[in-house]
>>> print(open('upload-v2.txt').read())   # compact mmCIF, C-alpha atoms
# COMPACT_ATOMS: atom_id res chain seq x y z
CA MET A 1 2.42 61.37 -47.89
CA THR A 2 1.64 63.28 -44.70
CA THR A 3 -2.02 62.31 -45.09
CA ASP A 4 -0.97 58.68 -45.60
CA ILE A 5 1.07 58.76 -42.42
CA ALA A 6 -1.72 60.36 -40.41
CA ALA A 7 -4.24 57.82 -41.75
CA THR A 8 -1.93 54.92 -40.90
CA GLN A 9 -1.36 56.28 -37.40
CA GLU A 10 -5.11 56.64 -36.92
CA LYS A 11 -5.82 53.07 -38.06
CA ILE A 12 -3.16 51.66 -35.73
CA LYS A 13 -4.38 53.76 -32.82
CA ASN A 14 -7.98 52.66 -33.38
CA TYR A 15 -6.87 49.06 -33.48
CA ILE A 16 -4.90 49.43 -30.23
CA VAL A 17 -7.76 51.18 -28.45
CA GLN A 18 -10.27 48.60 -29.66
CA THR A 19 -8.23 45.55 -28.69
CA SER A 20 -6.51 46.75 -25.50
CA HIS A 21 -9.65 48.48 -24.12
CA ALA A 22 -7.37 51.30 -23.03
CA ASP A 23 -8.44 54.93 -22.73
CA ALA A 24 -7.89 56.52 -26.17
CA GLU A 25 -6.61 59.69 -24.48
CA LYS A 26 -3.74 57.75 -22.92
CA ILE A 27 -2.43 56.33 -26.20
CA LYS A 28 -0.23 58.85 -28.00
CA ASN A 29 1.72 58.24 -31.18
CA GLU A 30 4.91 58.14 -29.13
CA SER A 31 3.56 55.96 -26.27
CA LEU A 32 5.63 52.82 -25.73
CA ILE A 33 2.81 50.36 -26.20
CA PHE A 34 4.54 47.29 -24.77
CA LYS A 35 6.66 48.94 -22.13
CA GLU A 36 3.62 50.82 -20.82
CA GLY A 37 1.57 47.61 -20.76
CA PHE A 38 -1.07 48.27 -23.44
CA PHE A 39 -0.21 44.95 -25.11
CA ASP A 40 0.95 41.54 -23.93
CA SER A 41 2.40 38.73 -26.07
CA MET A 42 -0.99 37.70 -27.44
CA GLY A 43 -1.59 41.35 -28.28
CA PHE A 44 1.68 41.40 -30.25
CA ILE A 45 0.74 38.31 -32.26
CA MET A 46 -2.65 39.86 -33.06
CA LEU A 47 -1.06 43.21 -33.93
CA ILE A 48 1.21 41.56 -36.50
CA THR A 49 -1.74 39.71 -38.03
CA PHE A 50 -3.68 43.00 -38.16
CA LEU A 51 -0.81 44.90 -39.82
CA GLU A 52 -0.34 42.18 -42.42
CA GLU A 53 -4.02 42.07 -43.28
CA GLU A 54 -4.70 45.80 -43.12
CA PHE A 55 -1.59 47.07 -44.90
CA GLY A 56 -0.72 44.08 -47.08
CA ILE A 57 2.79 43.73 -45.70
CA LYS A 58 4.67 40.54 -44.81
CA THR A 59 6.60 40.46 -41.55
CA GLN A 60 9.96 38.69 -41.65
CA ASP A 61 11.97 37.27 -38.73
CA SER A 62 14.44 40.12 -38.96
CA ASP A 63 11.61 42.67 -38.59
CA LEU A 64 10.73 41.49 -35.08
CA ILE A 65 12.71 44.08 -33.16
CA GLU A 66 11.67 46.65 -30.61
CA GLU A 67 12.53 49.59 -32.90
CA ASN A 68 9.82 48.52 -35.39
CA PHE A 69 6.98 48.00 -32.93
CA GLU A 70 7.56 50.01 -29.77
CA SER A 71 5.08 52.82 -30.59
CA ILE A 72 2.52 53.95 -33.16
CA ASN A 73 5.20 56.16 -34.71
CA ALA A 74 7.62 53.24 -34.97
CA ILE A 75 4.98 50.95 -36.49
CA THR A 76 3.96 53.63 -38.99
CA GLU A 77 7.56 54.10 -40.12
CA PHE A 78 7.96 50.32 -40.34
CA ILE A 79 4.88 50.07 -42.60
CA GLN A 80 6.09 52.92 -44.80
CA ARG A 81 9.47 51.22 -45.21
CA LYS A 82 7.86 47.88 -45.99
CA LYS A 83 5.55 49.42 -48.58
CA ALA A 84 8.41 51.33 -50.22
CA ALA A 85 10.59 48.20 -50.48
CA MET B 1 14.08 40.88 0.82
CA PRO B 2 15.84 38.60 3.30
CA ALA B 3 17.34 41.04 5.82
CA GLY B 4 20.98 41.73 5.16
CA LYS B 5 21.39 38.85 2.73
CA ALA B 6 23.41 39.91 -0.29
CA PHE B 7 22.31 38.48 -3.61
CA SER B 8 24.37 35.49 -4.73
CA LYS B 9 24.05 32.60 -7.16
CA ASP B 10 23.62 30.18 -4.24
CA ILE B 11 20.90 32.18 -2.54
CA ILE B 12 18.12 29.88 -3.73
CA LEU B 13 19.77 26.65 -2.58
CA PHE B 14 18.28 24.92 0.48
CA ASP B 15 20.78 24.46 3.32
CA ASN B 16 18.77 21.68 4.91
CA VAL B 17 16.80 19.67 2.34
CA ASN B 18 15.77 17.09 4.94
CA LYS B 19 13.96 19.77 6.93
CA VAL B 20 12.20 21.12 3.83
CA VAL B 21 10.99 17.65 2.92
CA ASP B 22 9.77 17.02 6.48
CA ASN B 23 7.83 20.28 6.46
CA ILE B 24 6.15 19.53 3.13
CA VAL B 25 5.29 15.98 4.17
CA GLU B 26 3.83 17.13 7.46
CA GLN B 27 1.73 19.78 5.72
CA LEU B 28 0.54 17.30 3.08
CA ARG B 29 -0.70 14.98 5.83
CA ALA B 30 -2.47 17.83 7.59
CA ASP B 31 -4.17 19.08 4.40
CA VAL B 32 -5.13 15.80 2.75
CA LEU B 33 -5.88 13.56 5.72
CA GLN B 34 -7.07 15.96 8.39
CA ARG B 35 -8.45 18.98 6.53
CA PHE B 36 -9.87 17.36 3.38
CA LYS B 37 -10.55 13.98 5.06
CA ARG B 38 -9.24 12.10 2.03
CA HIS B 39 -7.47 8.77 2.42
CA GLY B 40 -4.52 9.25 0.07
CA ALA B 41 -3.52 10.81 -3.24
CA VAL B 42 -3.26 10.24 -6.97
CA VAL B 43 -0.38 11.73 -8.95
CA GLY B 44 -0.19 11.94 -12.73
CA ILE B 45 3.32 10.74 -13.56
CA SER B 46 4.95 11.83 -16.80
CA GLY B 47 8.53 10.75 -16.21
CA GLY B 48 9.39 14.41 -15.63
CA ILE B 49 11.16 15.83 -12.60
CA ASP B 50 8.19 17.72 -11.10
CA SER B 51 5.66 14.88 -11.05
CA SER B 52 8.40 12.51 -9.87
CA VAL B 53 9.22 14.65 -6.84
CA CYS B 54 5.50 15.01 -6.10
CA LEU B 55 5.04 11.23 -6.19
CA ALA B 56 8.02 10.72 -3.90
CA LEU B 57 6.66 13.32 -1.45
CA ALA B 58 3.18 11.76 -1.53
CA ALA B 59 4.60 8.28 -0.90
CA LYS B 60 6.52 9.64 2.09
CA ALA B 61 3.49 11.50 3.41
CA PHE B 62 0.76 8.87 3.03
CA GLY B 63 2.68 5.62 2.58
CA PRO B 64 3.14 3.89 -0.81
CA ASP B 65 -0.10 1.90 -0.47
CA LYS B 66 -2.11 5.14 -0.22
CA VAL B 67 -0.72 6.64 -3.42
CA LEU B 68 -1.65 5.84 -7.00
CA GLY B 69 0.63 6.89 -9.86
CA ILE B 70 -1.18 7.35 -13.15
CA MET B 71 0.48 7.44 -16.57
CA LEU B 72 -1.65 9.28 -19.10
CA PRO B 73 -0.01 8.89 -22.50
CA GLU B 74 -1.49 9.81 -25.86
CA LYS B 75 -0.24 9.24 -29.36
CA ASP B 76 2.19 12.20 -29.34
CA SER B 77 3.78 11.24 -25.99
CA SER B 78 7.42 10.19 -25.89
CA PRO B 79 7.80 6.42 -25.20
CA ASP B 80 10.51 7.36 -22.66
CA SER B 81 7.85 8.95 -20.47
CA GLU B 82 6.14 5.64 -19.67
CA MET B 83 9.39 3.77 -19.11
CA LEU B 84 10.65 6.42 -16.68
CA ALA B 85 7.29 6.69 -14.91
CA ARG B 86 7.25 2.93 -14.32
CA GLU B 87 10.79 3.03 -12.97
CA LEU B 88 9.76 5.86 -10.64
CA ALA B 89 6.71 4.05 -9.25
CA ALA B 90 8.77 0.90 -8.69
CA ARG B 91 11.43 2.95 -6.83
CA TYR B 92 8.86 4.10 -4.25
CA GLY B 93 6.74 0.92 -4.19
CA VAL B 94 3.73 2.82 -5.51
CA LYS B 95 1.12 1.15 -7.72
CA ALA B 96 1.11 2.64 -11.21
CA ILE B 97 -1.64 2.34 -13.79
CA LYS B 98 -1.83 3.48 -17.38
CA GLU B 99 -4.80 5.34 -18.82
CA GLU B 100 -4.43 5.89 -22.56
CA ILE B 101 -6.21 9.12 -23.50
CA THR B 102 -5.80 9.07 -27.29
CA GLY B 103 -9.37 7.82 -27.75
CA ALA B 104 -10.82 10.58 -25.57
CA LEU B 105 -8.74 13.19 -27.39
CA THR B 106 -9.88 11.88 -30.76
CA GLY B 107 -13.46 12.18 -29.51
CA PHE B 108 -12.88 15.82 -28.58
CA GLY B 109 -11.39 16.44 -32.01
CA CYS B 110 -8.10 17.51 -30.40
CA TYR B 111 -5.85 16.28 -33.22
CA GLU B 112 -8.24 17.19 -36.03
CA ARG B 113 -8.76 20.76 -34.81
CA ARG B 114 -5.02 21.24 -34.24
CA ASP B 115 -4.04 19.80 -37.62
CA GLU B 116 -6.66 21.88 -39.42
CA ALA B 117 -4.97 25.03 -38.09
CA VAL B 118 -1.49 23.70 -38.96
CA LYS B 119 -2.60 22.99 -42.53
CA ARG B 120 -3.83 26.56 -42.94
CA VAL B 121 -0.22 27.66 -42.40
CA PHE B 122 1.48 24.72 -44.18
CA PRO B 123 -0.99 23.12 -46.66
CA GLU B 124 1.57 20.37 -47.39
CA TYR B 125 1.57 19.19 -43.75
CA ASP B 126 0.40 15.58 -43.46
CA PRO B 127 -0.36 14.73 -39.83
CA LYS B 128 0.03 11.00 -40.50
CA THR B 129 3.72 11.27 -41.33
CA TRP B 130 4.86 14.79 -40.44
CA LYS B 131 5.59 16.20 -37.00
CA MET B 132 4.87 19.65 -35.65
CA LYS B 133 5.62 21.93 -32.73
CA ILE B 134 5.28 25.57 -31.79
CA GLY B 135 7.96 27.57 -30.07
CA ILE B 136 9.81 30.81 -29.60
CA ARG B 137 12.90 31.42 -31.66
CA GLN B 138 14.33 34.65 -30.37
CA SER B 139 14.60 35.60 -26.73
CA GLY B 140 12.43 38.61 -26.06
CA LEU B 141 13.25 38.47 -22.38
CA PHE B 142 15.87 41.19 -22.49
CA ASN B 143 13.92 43.71 -24.56
CA ASN B 144 10.54 45.34 -24.35
CA ILE B 145 8.56 43.50 -26.99
CA PRO B 146 7.08 40.08 -26.29
CA PRO B 147 8.25 36.98 -28.16
CA ILE B 148 6.47 35.67 -31.24
CA PHE B 149 5.53 32.04 -31.69
CA TYR B 150 6.67 30.06 -34.70
CA LEU B 151 5.10 26.93 -36.12
CA THR B 152 7.62 24.28 -37.15
CA VAL B 153 6.71 21.27 -39.28
CA ILE B 154 9.06 18.38 -39.99
CA ASP B 155 8.57 16.09 -43.01
CA PRO B 156 9.33 12.33 -42.90
CA ALA B 157 12.85 12.98 -44.23
CA GLY B 158 13.57 15.27 -41.29
CA ASN B 159 13.43 18.57 -43.20
CA GLU B 160 12.17 21.42 -41.02
CA LYS B 161 10.20 24.47 -42.11
CA ASP B 162 8.91 27.24 -39.89
CA LYS B 163 6.75 30.33 -40.14
CA ILE B 164 5.52 33.02 -37.82
CA LEU B 165 2.24 31.73 -36.43
CA PRO B 166 -0.73 33.99 -37.19
CA ALA B 167 -3.05 34.82 -34.28
CA ASN B 168 -6.04 32.66 -35.20
CA GLU B 169 -3.95 29.59 -35.94
CA TYR B 170 -1.91 30.06 -32.77
CA LEU B 171 -5.08 30.26 -30.68
CA GLN B 172 -6.63 27.21 -32.34
CA ILE B 173 -3.50 25.05 -31.99
CA VAL B 174 -3.10 25.96 -28.31
CA ALA B 175 -6.82 25.54 -27.55
CA ALA B 176 -6.89 22.12 -29.25
CA SER B 177 -3.69 20.97 -27.54
CA ASN B 178 -5.07 22.01 -24.15
CA PHE B 179 -7.56 19.15 -24.43
CA LYS B 180 -4.60 16.95 -23.48
CA GLN B 181 -3.99 18.50 -20.08
CA ARG B 182 -7.71 18.84 -19.34
CA THR B 183 -8.43 15.23 -20.30
CA ARG B 184 -5.60 14.09 -18.05
CA MET B 185 -7.02 16.09 -15.16
CA SER B 186 -10.52 14.61 -15.72
CA MET B 187 -9.05 11.13 -15.47
CA LEU B 188 -7.02 12.02 -12.36
CA TYR B 189 -10.21 13.23 -10.66
CA TYR B 190 -12.07 10.09 -11.73
CA GLN B 191 -9.42 7.92 -10.11
CA ALA B 192 -9.14 10.15 -7.04
CA GLU B 193 -12.88 10.24 -6.43
CA ALA B 194 -13.20 6.48 -6.92
CA LEU B 195 -10.66 5.99 -4.11
CA HIS B 196 -11.66 8.98 -1.95
CA TYR B 197 -8.20 10.43 -2.57
CA CYS B 198 -6.92 13.92 -3.39
CA VAL B 199 -5.30 14.96 -6.66
CA VAL B 200 -1.72 16.16 -6.26
CA GLY B 201 -1.06 19.06 -8.63
CA THR B 202 2.52 19.04 -9.89
CA PRO B 203 3.35 22.60 -11.10
CA ASN B 204 6.49 24.27 -9.74
CA LYS B 205 6.87 27.95 -8.88
CA HIS B 206 7.75 29.12 -12.40
CA GLU B 207 4.85 27.27 -13.99
CA GLN B 208 2.50 28.82 -11.46
CA GLU B 209 3.79 32.39 -11.52
CA GLN B 210 4.61 32.66 -15.21
CA GLY B 211 1.42 30.92 -16.26
CA PHE B 212 2.99 27.90 -17.93
CA PHE B 213 0.03 25.60 -17.32
CA VAL B 214 -3.42 24.93 -18.66
CA LYS B 215 -6.24 26.39 -16.59
CA TYR B 216 -8.31 23.49 -15.19
CA GLY B 217 -5.78 21.15 -16.82
CA ASP B 218 -2.36 20.62 -15.30
CA GLY B 219 -2.97 23.81 -13.31
CA ALA B 220 -5.67 22.02 -11.29
CA GLY B 221 -5.34 19.79 -8.22
CA ASP B 222 -6.14 19.83 -4.51
CA VAL B 223 -2.62 20.29 -3.17
CA MET B 224 0.54 21.50 -4.92
CA PRO B 225 3.51 20.49 -2.79
CA ILE B 226 6.17 22.05 -5.03
CA GLY B 227 4.09 25.05 -6.14
CA ASN B 228 6.41 27.44 -4.31
CA LEU B 229 9.71 25.82 -5.23
CA TYR B 230 12.17 26.94 -7.88
CA LYS B 231 13.27 24.31 -10.37
CA THR B 232 16.76 24.27 -8.82
CA GLN B 233 15.14 23.45 -5.48
CA VAL B 234 12.98 20.74 -7.08
CA TYR B 235 16.22 19.14 -8.32
CA GLN B 236 17.66 19.36 -4.80
CA LEU B 237 14.62 17.51 -3.47
CA ALA B 238 14.84 14.95 -6.29
CA GLU B 239 18.44 14.11 -5.35
CA PHE B 240 17.55 13.89 -1.67
CA LEU B 241 14.49 11.70 -2.27
CA GLY B 242 16.37 9.34 -4.60
CA VAL B 243 14.46 10.04 -7.81
CA PRO B 244 15.93 7.82 -10.60
CA LYS B 245 18.91 9.38 -12.39
CA GLY B 246 17.26 8.98 -15.81
CA ILE B 247 14.55 11.40 -14.68
CA ILE B 248 16.91 13.88 -13.04
CA GLU B 249 19.12 14.01 -16.12
CA ARG B 250 16.28 14.28 -18.64
CA THR B 251 15.82 17.67 -20.35
CA PRO B 252 12.39 19.07 -19.37
CA THR B 253 10.09 18.88 -22.40
CA THR B 254 6.49 19.88 -23.02
CA ASP B 255 5.63 16.36 -24.30
CA THR B 256 2.63 17.99 -25.97
CA TYR B 257 3.40 18.26 -29.68
CA SER B 258 4.38 15.46 -32.05
CA ALA B 259 7.91 16.90 -32.49
CA GLU B 260 10.23 16.97 -29.47
CA GLN B 261 10.45 20.34 -27.79
CA THR B 262 12.12 21.62 -24.65
CA GLN B 263 10.29 23.83 -22.15
CA GLU B 264 12.95 26.47 -22.67
CA GLU B 265 12.29 26.50 -26.42
CA PHE B 266 8.52 26.65 -25.95
CA PHE B 267 8.16 29.10 -23.13
CA TYR B 268 10.88 30.08 -20.69
CA GLN B 269 13.57 31.34 -23.09
CA LEU B 270 16.24 30.94 -20.41
CA PRO B 271 17.88 27.87 -18.86
CA PHE B 272 16.43 27.10 -15.41
CA ASN B 273 19.65 27.74 -13.55
CA LEU B 274 19.55 31.36 -14.80
CA MET B 275 15.78 31.82 -14.71
CA ASP B 276 15.66 30.76 -11.03
CA ARG B 277 18.27 33.29 -9.93
CA PHE B 278 16.85 36.20 -11.91
CA TRP B 279 13.32 35.46 -10.71
CA TYR B 280 14.51 35.24 -7.10
CA GLY B 281 16.15 38.63 -7.43
CA PHE B 282 13.02 40.07 -9.04
CA GLU B 283 10.47 38.77 -6.56
CA ASN B 284 12.57 39.59 -3.52
CA GLY B 285 13.15 43.17 -4.58
CA TYR B 286 16.90 43.05 -5.17
CA PRO B 287 18.14 46.03 -7.22
CA ALA B 288 18.73 45.16 -10.87
CA SER B 289 22.29 46.48 -10.53
CA GLU B 290 23.10 44.02 -7.70
CA VAL B 291 21.62 41.06 -9.61
CA ALA B 292 23.37 42.16 -12.82
CA SER B 293 26.74 42.28 -11.14
CA VAL B 294 26.42 38.74 -9.69
CA MET B 295 24.98 37.29 -12.91
CA ASN B 296 27.51 38.97 -15.23
CA GLU B 297 24.81 40.96 -17.00
CA THR B 298 24.24 44.66 -17.62
CA THR B 299 21.85 46.59 -15.39
CA ASP B 300 19.80 47.68 -18.44
CA ARG B 301 19.23 44.10 -19.52
CA VAL B 302 18.27 42.97 -16.02
CA GLU B 303 15.87 45.91 -15.72
CA ALA B 304 14.26 44.85 -19.01
CA LEU B 305 14.11 41.27 -17.73
CA PHE B 306 12.39 42.36 -14.50
CA ARG B 307 9.84 44.39 -16.52
CA ASN B 308 9.22 41.27 -18.57
CA PHE B 309 8.68 39.15 -15.46
CA GLU B 310 6.26 41.72 -14.10
CA ARG B 311 4.34 41.76 -17.37
CA LYS B 312 4.25 37.97 -17.49
CA ARG B 313 2.92 37.74 -13.95
CA LYS B 314 0.29 40.39 -14.65
CA THR B 315 -0.89 39.05 -17.98
CA THR B 316 -1.22 35.47 -16.69
CA GLU B 317 -3.31 36.44 -13.66
CA TYR B 318 -6.36 35.15 -15.52
CA LEU B 319 -4.95 31.63 -15.45
CA ARG B 320 -4.46 31.60 -11.69
CA MET B 321 -7.78 33.19 -10.80
CA PRO B 322 -10.73 31.09 -9.66
CA PRO B 323 -14.06 32.30 -11.10
CA ILE B 324 -14.88 35.76 -9.77
CA ARG B 325 -18.25 35.90 -8.03
CA ASP B 326 -18.02 39.19 -6.19
CA TYR B 327 -20.59 40.98 -8.34
CA TYR B 328 -23.68 41.23 -6.23
CA TYR B 329 -24.53 40.21 -2.72
CA GLY B 330 -28.26 39.54 -2.34
>>> encode(input="upload-v2.txt", output="structure tokens")
Amino acid sequence: MTTDIAATQEKIKNYIVQTSHADAEKIKNESLIFKEGFFDSMGFIMLITFLEEEFGIKTQDSDLIEENFESINAITEFIQRKKAA
Amino acid sequence: MPAGKAFSKDIILFDNVNKVVDNIVEQLRADVLQRFKRHGAVVGISGGIDSSVCLALAAKAFGPDKVLGIMLPEKDSSPDSEMLARELAARYGVKAIKEEITGALTGFGCYERRDEAVKRVFPEYDPKTWKMKIGIRQSGLFNNIPPIFYLTVIDPAGNEKDKILPANEYLQIVAASNFKQRTRMSMLYYQAEALHYCVVGTPNKHEQEQGFFVKYGDGAGDVMPIGNLYKTQVYQLAEFLGVPKGIIERTPTTDTYSAEQTQEEFFYQLPFNLMDRFWYGFENGYPASEVASVMNETTDRVEALFRNFERKRKTTEYLRMPPIRDYYYG
């Protein structure tokens, strides 16, 4: 499970670095990716599409809250919950 | 920040509208006639408040016989738009012509490309009888994640369905729809050049600063007389200039998709009377706590709103920028 979490975090981080062109060193698992400006609204739309395709989850209206997407940690927990459901 | 001026709900209202109009008119004459050496102006008229105020200002600046109002409908346009635009032109004694752009848009594949993306999300969508629009459902303005766009389709019986719009389909629908604004601007420049006139751009302050326009489409033009005015101020000018009531009372729509859609639903997420005041507080450096107290909001929410405004302004810089050529000086 720990390996799963670490792998998920790594995939999300790689995606963020690749699409935001930000310095990988600056993006931590707890960084607030929207508040700190790594992503704009187009970035959010693309992130959701990436998560759905990469992790086979389906995002519902009620999922679109800050607590699920604010950081790599939050997204990882969100994916784990979705997969467990 | 205006020195010593406490934030209030009335802070954005003009005390002397007559003087504001005179200043704009004088500047329009200086820019168009003296600086650009053009003989008049064309204005694309949609029956909306912004283009109506621009036409009224142009008529005052150059005289009605030196202004051409151009209606640019296409098959998804509301029939009200043409009726209101004609009433407007008649009110100011300005000649109005109609240029139908559906044929040009069909040639570009605007509808076909858009509908292809819609059908990838809703295979049952039939563009001949169904309507569609994209919009924002929840307001993300008061939290730290951006809003998500939804695609809504409406069948002939009026039943609505919506889904979160995936990235590729969102981009294709927007890119295809942007042919509309760019085709309109091409036609405005044709007419302007044929008369040796300028093109009056009609965006207001919010459209400019929040990036609610199409680059080289409705974001183009030679002069933008209301480009620094809040929507509330545009309404003040409309009343002063005698814009027809039907236009003043009309809810601002995008008039872009086949289904009716307000600008608030598509983009702004806040009614204009609130958006104007919050944006004024933000851009003039008023503390979130002071704005919150006047607007009956919490400081946390206003701080989140200000961060959102900042992000919006930053992420839409690309739209406002002319091509960058500062790479190498030979």
>>> interface_residues(input="upload-v2.txt", of="chain B", to="chain A", cutoff="7 Å", atoms="all atoms listed in the file", output="number ranges by chain")
B: 144-148, 166-167, 315
>>> residues_around(input="upload-v2.txt", residues="B:Leu229", least_positions_apart="4", cutoff="8 Å", atoms="all atoms listed in the file", output="compact mmCIF listing (two decimals) with C-alpha atoms, in the frame of the given file")
# COMPACT_ATOMS: atom_id res chain seq x y z
CA ASN B 204 6.49 24.27 -9.74
CA LYS B 205 6.87 27.95 -8.88
CA GLN B 233 15.14 23.45 -5.48
CA VAL B 234 12.98 20.74 -7.08
>>> residues_around(input="upload-v2.txt", residues="B:Tyr280", least_positions_apart="5", cutoff="9 Å", atoms="only C-alpha atoms", output="PyMOL selection string")
chain B and resi 11-12+230+275+285-286
>>> residues_around(input="upload-v2.txt", residues="B:Ile70", least_positions_apart="2", cutoff="12 Å", atoms="all atoms listed in the file", output="PDB file with C-alpha atoms, in the frame of the given file")
ATOM      1  CA  ALA B  41      -3.520  10.810  -3.240  1.00  0.00           C
ATOM      2  CA  VAL B  42      -3.260  10.240  -6.970  1.00  0.00           C
ATOM      3  CA  VAL B  43      -0.380  11.730  -8.950  1.00  0.00           C
ATOM      4  CA  GLY B  44      -0.190  11.940 -12.730  1.00  0.00           C
ATOM      5  CA  ILE B  45       3.320  10.740 -13.560  1.00  0.00           C
ATOM      6  CA  SER B  46       4.950  11.830 -16.800  1.00  0.00           C
ATOM      7  CA  GLY B  47       8.530  10.750 -16.210  1.00  0.00           C
ATOM      8  CA  SER B  51       5.660  14.880 -11.050  1.00  0.00           C
ATOM      9  CA  SER B  52       8.400  12.510  -9.870  1.00  0.00           C
ATOM     10  CA  LEU B  55       5.040  11.230  -6.190  1.00  0.00           C
ATOM     11  CA  VAL B  67      -0.720   6.640  -3.420  1.00  0.00           C
ATOM     12  CA  LEU B  68      -1.650   5.840  -7.000  1.00  0.00           C
ATOM     13  CA  LEU B  72      -1.650   9.280 -19.100  1.00  0.00           C
ATOM     14  CA  PRO B  73      -0.010   8.890 -22.500  1.00  0.00           C
ATOM     15  CA  SER B  81       7.850   8.950 -20.470  1.00  0.00           C
ATOM     16  CA  GLU B  82       6.140   5.640 -19.670  1.00  0.00           C
ATOM     17  CA  ALA B  85       7.290   6.690 -14.910  1.00  0.00           C
ATOM     18  CA  ARG B  86       7.250   2.930 -14.320  1.00  0.00           C
ATOM     19  CA  LEU B  88       9.760   5.860 -10.640  1.00  0.00           C
ATOM     20  CA  ALA B  89       6.710   4.050  -9.250  1.00  0.00           C
ATOM     21  CA  VAL B  94       3.730   2.820  -5.510  1.00  0.00           C
ATOM     22  CA  LYS B  95       1.120   1.150  -7.720  1.00  0.00           C
ATOM     23  CA  ALA B  96       1.110   2.640 -11.210  1.00  0.00           C
ATOM     24  CA  ILE B  97      -1.640   2.340 -13.790  1.00  0.00           C
ATOM     25  CA  LYS B  98      -1.830   3.480 -17.380  1.00  0.00           C
ATOM     26  CA  GLU B  99      -4.800   5.340 -18.820  1.00  0.00           C
ATOM     27  CA  GLU B 100      -4.430   5.890 -22.560  1.00  0.00           C
ATOM     28  CA  ILE B 101      -6.210   9.120 -23.500  1.00  0.00           C
ATOM     29  CA  ARG B 184      -5.600  14.090 -18.050  1.00  0.00           C
ATOM     30  CA  MET B 185      -7.020  16.090 -15.160  1.00  0.00           C
ATOM     31  CA  MET B 187      -9.050  11.130 -15.470  1.00  0.00           C
ATOM     32  CA  LEU B 188      -7.020  12.020 -12.360  1.00  0.00           C
ATOM     33  CA  TYR B 189     -10.210  13.230 -10.660  1.00  0.00           C
ATOM     34  CA  TYR B 190     -12.070  10.090 -11.730  1.00  0.00           C
ATOM     35  CA  GLN B 191      -9.420   7.920 -10.110  1.00  0.00           C
ATOM     36  CA  ALA B 192      -9.140  10.150  -7.040  1.00  0.00           C
ATOM     37  CA  VAL B 199      -5.300  14.960  -6.660  1.00  0.00           C
ATOM     38  CA  VAL B 200      -1.720  16.160  -6.260  1.00  0.00           C
TER      39      VAL B 200
END
>>> atom_distance(input="upload-v2.txt", atom1="atom CA of B:Glu317", atom2="atom CA of B:Asp218")
15.9 Å
>>> atom_distance(input="upload-v2.txt", atom1="atom CA of B:Ala117", atom2="atom CA of B:Gln172")
6.4 Å
>>> residues_around(input="upload-v2.txt", residues="A:Ile57", least_positions_apart="2", cutoff="8 Å", atoms="all atoms listed in the file", output="number ranges by chain")
A: 51-53, 55, 59, 79, 82-83
>>> write_last_selection(input="upload-v2.txt", atoms="C-alpha atoms", output="CSV table (one decimal), keeping the file's coordinate frame")
chain,number,residue,atom,x,y,z
A,51,LEU,CA,-0.8,44.9,-39.8
A,52,GLU,CA,-0.3,42.2,-42.4
A,53,GLU,CA,-4.0,42.1,-43.3
A,55,PHE,CA,-1.6,47.1,-44.9
A,59,THR,CA,6.6,40.5,-41.6
A,79,ILE,CA,4.9,50.1,-42.6
A,82,LYS,CA,7.9,47.9,-46.0
A,83,LYS,CA,5.6,49.4,-48.6
>>> residues_around(input="upload-v2.txt", residues="A:Ile72", least_positions_apart="5", cutoff="12 Å", atoms="all atoms listed in the file", output="PyMOL selection string")
chain A and resi 5-17+27-34+38+47+51+66-67+77-79
>>> atom_distance(input="upload-v2.txt", atom1="atom CA of B:Met224", atom2="atom CA of B:Arg29")
12.6 Å
